[in-house]
Amino acid sequence: MNRIALPVLLALFLASCQPAAGLTVSDAWARPGMAGGNSGAFFLIENPGEADTLLLAASDISQAVELHRTIMEGDVMQMQPQESVPVPAGETVAFQPGGLHVMFIGLKADLVPGDTFELVLTFEKAGEIVLQVEVRQP
Ligand SMILES: [Cu+2]
């Protein structure tokens, strides 16, 4: 291999590793909560690229972190755990009060407005996206 080809090949290789059109997550916030209680986090997932799937949410602020969807069963509000959440190509998926949310079960400390914490979302194709979540009143 000559000396010019290697940097060129390396550049091509690096370029091919970039995700196509990046999936982005914005406006992440969470409800205040008390130690031992629960909270929920909300955000917008914008996906200009190919279809993807949210597989997992992780944080060390609580004993458990789950993906939930709130639904109405007649007059009764229920939360259904979700195995995963599809993010279709070219669409925006909103995690918002009354719908999809990340549920924190068994908070290790109080969540006070103004606090921030890290939440890691794992997507099938986009991989891990680390969010800084701000605690605020809805
Ligand atoms: Cu929930």
# chains A, B, ... in the order shown; residues from 1 in each chain; ligands from 1
$ residues_near_ligand --ligand "ligand 1" --cutoff "6 Å" --atoms "only C-alpha atoms and all ligand atoms" --output "ChimeraX atom specification"
/A:68,79,103
$ select_by_dssp --residues "chain A" --states "strand (DSSP E or B)" --output "MDAnalysis selection string"
chainID A and resid 24:30 33 38:47 52:58 62:73 76:81 85:87 91:95 100:107 111 116:123 127:135
$ closest_residue --among "A:Ile71, A:Thr53, A:Asn38, A:Ala30" --to "Leu100 (chain A)" --atoms "only C-alpha atoms"
A:Ile71
$ select_by_dssp --residues "region 8-128 of chain A" --states "alpha helix (DSSP H)" --output "PyMOL selection string"
chain A and resi 8-17
$ residues_around --residues "Gln78 (chain A)" --least-positions-apart "2" --cutoff "12 Å" --atoms "only C-alpha atoms" --output "PDB file with C-alpha atoms, in the first residue's frame"
ATOM      1  CA  HIS A  68     -44.101   3.811  30.383  1.00  0.00           C
ATOM      2  CA  ARG A  69     -47.156   4.899  28.463  1.00  0.00           C
ATOM      3  CA  THR A  70     -50.150   6.438  30.239  1.00  0.00           C
ATOM      4  CA  ILE A  71     -53.498   5.346  28.832  1.00  0.00           C
ATOM      5  CA  MET A  72     -57.123   5.883  29.848  1.00  0.00           C
ATOM      6  CA  GLU A  73     -59.137   2.727  30.574  1.00  0.00           C
ATOM      7  CA  GLY A  74     -62.614   4.232  30.798  1.00  0.00           C
ATOM      8  CA  ASP A  75     -62.219   6.748  33.633  1.00  0.00           C
ATOM      9  CA  VAL A  76     -59.116   5.119  35.030  1.00  0.00           C
ATOM     10  CA  GLN A  80     -48.284   0.483  30.886  1.00  0.00           C
ATOM     11  CA  PRO A  81     -44.611  -0.523  30.888  1.00  0.00           C
ATOM     12  CA  GLY A  98     -50.375  11.940  29.936  1.00  0.00           C
ATOM     13  CA  GLY A  99     -48.466   9.867  27.367  1.00  0.00           C
ATOM     14  CA  LEU A 100     -45.068   8.307  27.014  1.00  0.00           C
TER      15      LEU A 100
END
